[in-house]
Amino acid sequence: MGLAKKAEEAAVEEAEEAKEAKEAKEREERMRRLEERVKACKKCELWSLRRNAVVGEGSLLADVMFVGEAPGYYEDLKGRPFVGKAGKVLDELLASVHLERKDVYICNVLKCRPPKNRDPKPEEIESCTPFLDEQIEIIQPKVIATLGNYSLQYIFSKFNMKAEKISKIHGRIFTVETLNGTLKIIPLYHPAVAIYNSAMREVLFEDFKVLPKLLSEQHNKRERG
């Protein structure tokens, strides 16, 4: 390879890195403003019961976004998603496909913990999901992995898809076209199921195996682009 060719490739790589850094900074600012609005939100009764709002965490340039149901006790205590027992399972699942939290983005449908971890109410979902919609818009993931039924129902509804029972479609890949390009949606069981049922643990680990394939496809597309 000639020196001119090497210099050209180095310049292209430097330009891409600068573009990514600029985009990351812009996303950080948008997410910061969103977090402020979440912490000030009083649209439903949950704000008065929380210790901390739990917005989300991870890479704002992530290809994969995990969407759970709602914060639990430890999440409410620490202000971070999936830091209790279910979070430990999620960490193991990520490690099984050679991913870490810093590689993905993790959040929930609700940003505040429902009392005694009860199911989200329809009005709470309606009040809170505009924040989730904005997170999706900021991050522009290539893959959304729903964790549990409430996440499945909302994400499928958002993209005008009919949601079947999770027992029928878990681990399958669904493709939708959005303004930001092609999006893959993977319904997964919530990691909490593995705490109470060892057989479901095996199902979760098996379903997670689809992620490396999708990420490899995304990487190849960027390389070709």
# chains A, B, ... in the order shown; residues from 1 in each chain; ligands from 1
call {"tool": "select_by_dssp", "arguments": {"residues": "segment 70-146 of chain A", "states": "strand (DSSP E)", "output": "PDB file with C-alpha atoms, in the first residue's frame"}}
result
ATOM      1  CA  TYR A 105     -27.945   0.990  26.567  1.00  0.00           C
ATOM      2  CA  ILE A 106     -30.316  -0.214  29.306  1.00  0.00           C
ATOM      3  CA  CYS A 107     -33.547   1.438  30.414  1.00  0.00           C
ATOM      4  CA  ASN A 108     -37.162   0.706  31.364  1.00  0.00           C
ATOM      5  CA  VAL A 143     -31.576  -3.479  17.779  1.00  0.00           C
ATOM      6  CA  ILE A 144     -34.144  -3.163  20.573  1.00  0.00           C
ATOM      7  CA  ALA A 145     -34.334  -6.145  22.910  1.00  0.00           C
ATOM      8  CA  THR A 146     -37.506  -6.071  24.988  1.00  0.00           C
TER       9      THR A 146
END
call {"tool": "residues_around", "arguments": {"residues": "segment 51-64 of chain A", "least_positions_apart": "4", "cutoff": "8 Å", "atoms": "only C-alpha atoms", "output": "number ranges by chain"}}
result
A: 24, 27-28, 35, 38-39, 47, 71, 75-81, 101-108, 111-113, 138-145, 215
call {"tool": "residues_around", "arguments": {"residues": "Lys88 of chain A", "least_positions_apart": "5", "cutoff": "12 Å", "atoms": "only C-alpha atoms", "output": "PDB file with C-alpha atoms, in the first residue's frame"}}
result
ATOM      1  CA  TYR A  74     -32.404  -1.576  44.392  1.00  0.00           C
ATOM      2  CA  PRO A  81     -31.368   0.132  35.978  1.00  0.00           C
ATOM      3  CA  PHE A  82     -30.977  -3.596  36.641  1.00  0.00           C
ATOM      4  CA  VAL A  83     -28.716  -3.551  39.709  1.00  0.00           C
ATOM      5  CA  LEU A  93     -26.388 -12.864  29.810  1.00  0.00           C
ATOM      6  CA  LEU A  94     -24.388  -9.987  28.373  1.00  0.00           C
ATOM      7  CA  ALA A  95     -21.118 -11.691  29.252  1.00  0.00           C
ATOM      8  CA  GLU A 100     -20.682  -5.361  28.772  1.00  0.00           C
ATOM      9  CA  ARG A 101     -23.005  -2.662  30.047  1.00  0.00           C
ATOM     10  CA  PRO A 191     -34.127 -11.773  33.428  1.00  0.00           C
ATOM     11  CA  ALA A 192     -36.105 -12.067  36.679  1.00  0.00           C
ATOM     12  CA  ALA A 194     -34.372 -17.026  35.663  1.00  0.00           C
ATOM     13  CA  ILE A 195     -34.266 -16.346  39.398  1.00  0.00           C
TER      14      ILE A 195
END
call {"tool": "atom_distance", "arguments": {"atom1": "atom CA of Lys42 of chain A", "atom2": "atom CA of Asp119 of chain A"}}
result
19.0 Å
call {"tool": "closest_residue", "arguments": {"among": "A:Val193, A:Ile136, A:Ala18, A:Met200", "to": "Arg30 of chain A", "atoms": "only C-alpha atoms"}}
result
A:Ile136
call {"tool": "residues_around", "arguments": {"residues": "Phe208 of chain A", "least_positions_apart": "2", "cutoff": "10 Å", "atoms": "only C-alpha atoms", "output": "PDB file with N, CA and C atoms, in the first residue's frame"}}
result
ATOM      1  N   LEU A  93     -25.908 -12.698  31.178  1.00  0.00           N
ATOM      2  CA  LEU A  93     -26.388 -12.864  29.810  1.00  0.00           C
ATOM      3  C   LEU A  93     -25.540 -12.042  28.838  1.00  0.00           C
ATOM      4  N   LEU A  94     -25.241 -10.824  29.219  1.00  0.00           N
ATOM      5  CA  LEU A  94     -24.388  -9.987  28.373  1.00  0.00           C
ATOM      6  C   LEU A  94     -23.005 -10.610  28.204  1.00  0.00           C
ATOM      7  N   SER A  96     -22.231 -13.648  28.327  1.00  0.00           N
ATOM      8  CA  SER A  96     -22.298 -14.876  27.534  1.00  0.00           C
ATOM      9  C   SER A  96     -22.184 -14.603  26.038  1.00  0.00           C
ATOM     10  N   VAL A  97     -22.469 -13.363  25.626  1.00  0.00           N
ATOM     11  CA  VAL A  97     -22.329 -12.996  24.208  1.00  0.00           C
ATOM     12  C   VAL A  97     -21.250 -11.920  24.049  1.00  0.00           C
ATOM     13  N   ALA A 145     -33.993  -4.886  22.253  1.00  0.00           N
ATOM     14  CA  ALA A 145     -34.334  -6.145  22.910  1.00  0.00           C
ATOM     15  C   ALA A 145     -35.297  -5.835  24.047  1.00  0.00           C
ATOM     16  N   GLY A 171     -37.083 -14.628  21.429  1.00  0.00           N
ATOM     17  CA  GLY A 171     -35.881 -14.997  20.690  1.00  0.00           C
ATOM     18  C   GLY A 171     -35.973 -14.815  19.184  1.00  0.00           C
ATOM     19  N   ILE A 186     -36.150  -7.752  19.176  1.00  0.00           N
ATOM     20  CA  ILE A 186     -36.061  -9.123  19.693  1.00  0.00           C
ATOM     21  C   ILE A 186     -36.792  -9.207  21.026  1.00  0.00           C
ATOM     22  N   LEU A 188     -37.540 -10.748  24.450  1.00  0.00           N
ATOM     23  CA  LEU A 188     -36.857 -11.656  25.377  1.00  0.00           C
ATOM     24  C   LEU A 188     -37.628 -11.701  26.695  1.00  0.00           C
ATOM     25  N   VAL A 203     -33.372 -20.946  28.610  1.00  0.00           N
ATOM     26  CA  VAL A 203     -34.063 -20.322  27.478  1.00  0.00           C
ATOM     27  C   VAL A 203     -33.486 -18.930  27.207  1.00  0.00           C
ATOM     28  N   LEU A 204     -33.289 -18.154  28.269  1.00  0.00           N
ATOM     29  CA  LEU A 204     -32.742 -16.816  28.113  1.00  0.00           C
ATOM     30  C   LEU A 204     -31.352 -16.837  27.478  1.00  0.00           C
ATOM     31  N   PHE A 205     -30.495 -17.705  27.973  1.00  0.00           N
ATOM     32  CA  PHE A 205     -29.143 -17.778  27.427  1.00  0.00           C
ATOM     33  C   PHE A 205     -29.170 -18.197  25.957  1.00  0.00           C
ATOM     34  N   GLU A 206     -30.079 -19.074  25.616  1.00  0.00           N
ATOM     35  CA  GLU A 206     -30.197 -19.507  24.223  1.00  0.00           C
ATOM     36  C   GLU A 206     -30.694 -18.354  23.351  1.00  0.00           C
ATOM     37  N   VAL A 210     -28.711 -14.783  19.631  1.00  0.00           N
ATOM     38  CA  VAL A 210     -29.036 -14.108  18.371  1.00  0.00           C
ATOM     39  C   VAL A 210     -28.341 -12.744  18.276  1.00  0.00           C
ATOM     40  N   LEU A 211     -27.974 -12.159  19.404  1.00  0.00           N
ATOM     41  CA  LEU A 211     -27.405 -10.817  19.406  1.00  0.00           C
ATOM     42  C   LEU A 211     -26.066 -10.704  18.673  1.00  0.00           C
ATOM     43  N   PRO A 212     -25.104 -11.609  18.900  1.00  0.00           N
ATOM     44  CA  PRO A 212     -23.834 -11.480  18.173  1.00  0.00           C
ATOM     45  C   PRO A 212     -24.005 -11.500  16.657  1.00  0.00           C
TER      46      PRO A 212
END
call {"tool": "closest_residue", "arguments": {"among": "A:Gly148, A:Ile155, A:Glu45, A:Lys121", "to": "Asp133 of chain A", "atoms": "only C-alpha atoms"}}
result
A:Ile155
call {"tool": "atom_distance", "arguments": {"atom1": "atom CA of Phe174 of chain A", "atom2": "atom CA of Pro187 of chain A"}}
result
8.6 Å
call {"tool": "atom_distance", "arguments": {"atom1": "atom CA of Glu123 of chain A", "atom2": "atom CA of Glu69 of chain A"}}
result
14.3 Å
call {"tool": "residues_around", "arguments": {"residues": "Tyr150 of chain A", "least_positions_apart": "4", "cutoff": "8 Å", "atoms": "only C-alpha atoms", "output": "JSON, numbers by chain"}}
result
{"A": [68, 69, 109, 154]}
call {"tool": "select_by_dssp", "arguments": {"residues": "segment 24-183 of chain A", "states": "helix (DSSP H, G or I)", "output": "JSON, numbers by chain"}}
result
{"A": [24, 25, 26, 27, 28, 29, 30, 31, 32, 33, 34, 35, 36, 37, 38, 39, 40, 45, 46, 47, 48, 73, 74, 75, 76, 77, 78, 85, 86, 87, 88, 89, 90, 91, 92, 93, 94, 95, 96, 101, 102, 103, 115, 116, 117, 122, 123, 124, 125, 126, 127, 128, 129, 130, 131, 132, 133, 134, 135, 136, 137, 138, 139, 149, 150, 151, 152, 153, 154, 155, 156, 157, 158, 166, 167, 168, 169]}
call {"tool": "write_last_selection", "arguments": {"atoms": "C-alpha atoms", "output": "short mmCIF file (atom, residue, chain, number, x, y, z; two decimals), in the first residue's frame"}}
result
data_model
loop_
_atom_site.label_atom_id
_atom_site.label_comp_id
_atom_site.auth_asym_id
_atom_site.auth_seq_id
_atom_site.Cartn_x
_atom_site.Cartn_y
_atom_site.Cartn_z
CA ALA A 24 -21.68 11.54 21.12
CA LYS A 25 -21.43 15.02 22.63
CA GLU A 26 -24.73 16.06 21.07
CA ARG A 27 -26.44 12.93 22.37
CA GLU A 28 -25.02 13.46 25.84
CA GLU A 29 -26.49 16.95 25.97
CA ARG A 30 -29.90 15.76 24.75
CA MET A 31 -29.90 12.93 27.29
CA ARG A 32 -28.86 15.30 30.07
CA ARG A 33 -31.83 17.53 29.35
CA LEU A 34 -34.14 14.50 29.21
CA GLU A 35 -32.84 13.29 32.58
CA GLU A 36 -33.63 16.67 34.10
CA ARG A 37 -37.20 16.45 32.84
CA VAL A 38 -37.60 12.90 34.14
CA LYS A 39 -36.39 13.92 37.60
CA ALA A 40 -38.83 16.84 37.65
CA GLU A 45 -48.39 9.39 41.40
CA LEU A 46 -45.11 7.46 41.27
CA TRP A 47 -42.99 10.60 41.57
CA SER A 48 -44.10 11.03 45.19
CA TYR A 73 -36.16 -1.76 45.05
CA TYR A 74 -32.40 -1.58 44.39
CA GLU A 75 -32.85 0.41 41.19
CA ASP A 76 -34.92 2.98 43.07
CA LEU A 77 -32.28 3.05 45.80
CA LYS A 78 -29.30 3.55 43.47
CA LYS A 85 -30.85 -9.91 41.33
CA ALA A 86 -32.32 -9.58 37.84
CA GLY A 87 -29.45 -7.23 37.00
CA LYS A 88 -26.92 -9.89 37.93
CA VAL A 89 -28.64 -12.28 35.55
CA LEU A 90 -28.58 -9.63 32.83
CA ASP A 91 -24.85 -9.11 33.39
CA GLU A 92 -24.31 -12.86 32.97
CA LEU A 93 -26.39 -12.86 29.81
CA LEU A 94 -24.39 -9.99 28.37
CA ALA A 95 -21.12 -11.69 29.25
CA SER A 96 -22.30 -14.88 27.53
CA ARG A 101 -23.01 -2.66 30.05
CA LYS A 102 -20.79 -0.01 28.49
CA ASP A 103 -21.43 -1.56 25.06
CA PRO A 115 -45.12 0.34 44.95
CA LYS A 116 -44.06 -3.17 45.97
CA ASN A 117 -42.96 -3.78 42.38
CA PRO A 122 -51.90 1.94 31.82
CA GLU A 123 -51.93 5.61 32.81
CA GLU A 124 -48.36 5.32 34.15
CA ILE A 125 -47.19 3.78 30.88
CA GLU A 126 -48.94 6.53 28.93
CA SER A 127 -47.33 9.23 31.06
CA CYS A 128 -43.83 7.80 31.00
CA THR A 129 -43.30 6.37 27.52
CA PRO A 130 -42.70 9.76 25.83
CA PHE A 131 -39.39 9.69 27.71
CA LEU A 132 -38.63 6.23 26.33
CA ASP A 133 -39.58 7.39 22.84
CA GLU A 134 -37.09 10.24 23.16
CA GLN A 135 -34.37 7.88 24.39
CA ILE A 136 -34.89 5.73 21.31
CA GLU A 137 -34.69 8.83 19.13
CA ILE A 138 -31.47 9.99 20.80
CA ILE A 139 -29.67 6.65 20.66
CA ASN A 149 -44.21 -8.51 28.55
CA TYR A 150 -44.83 -4.82 29.26
CA SER A 151 -41.81 -3.79 27.23
CA LEU A 152 -42.83 -6.15 24.43
CA GLN A 153 -46.36 -4.77 24.33
CA TYR A 154 -45.28 -1.14 24.22
CA ILE A 155 -42.46 -1.47 21.68
CA PHE A 156 -44.58 -3.55 19.31
CA SER A 157 -47.42 -1.05 19.61
CA LYS A 158 -45.07 1.87 19.00
CA ILE A 166 -43.94 -13.76 24.62
CA SER A 167 -43.96 -17.54 25.01
CA LYS A 168 -44.57 -17.79 21.26
CA ILE A 169 -42.16 -15.18 19.92
#
call {"tool": "closest_residue", "arguments": {"among": "A:Leu214, A:Ala199, A:Leu147, A:Ala70", "to": "Thr175 of chain A", "atoms": "only C-alpha atoms"}}
result
A:Leu214
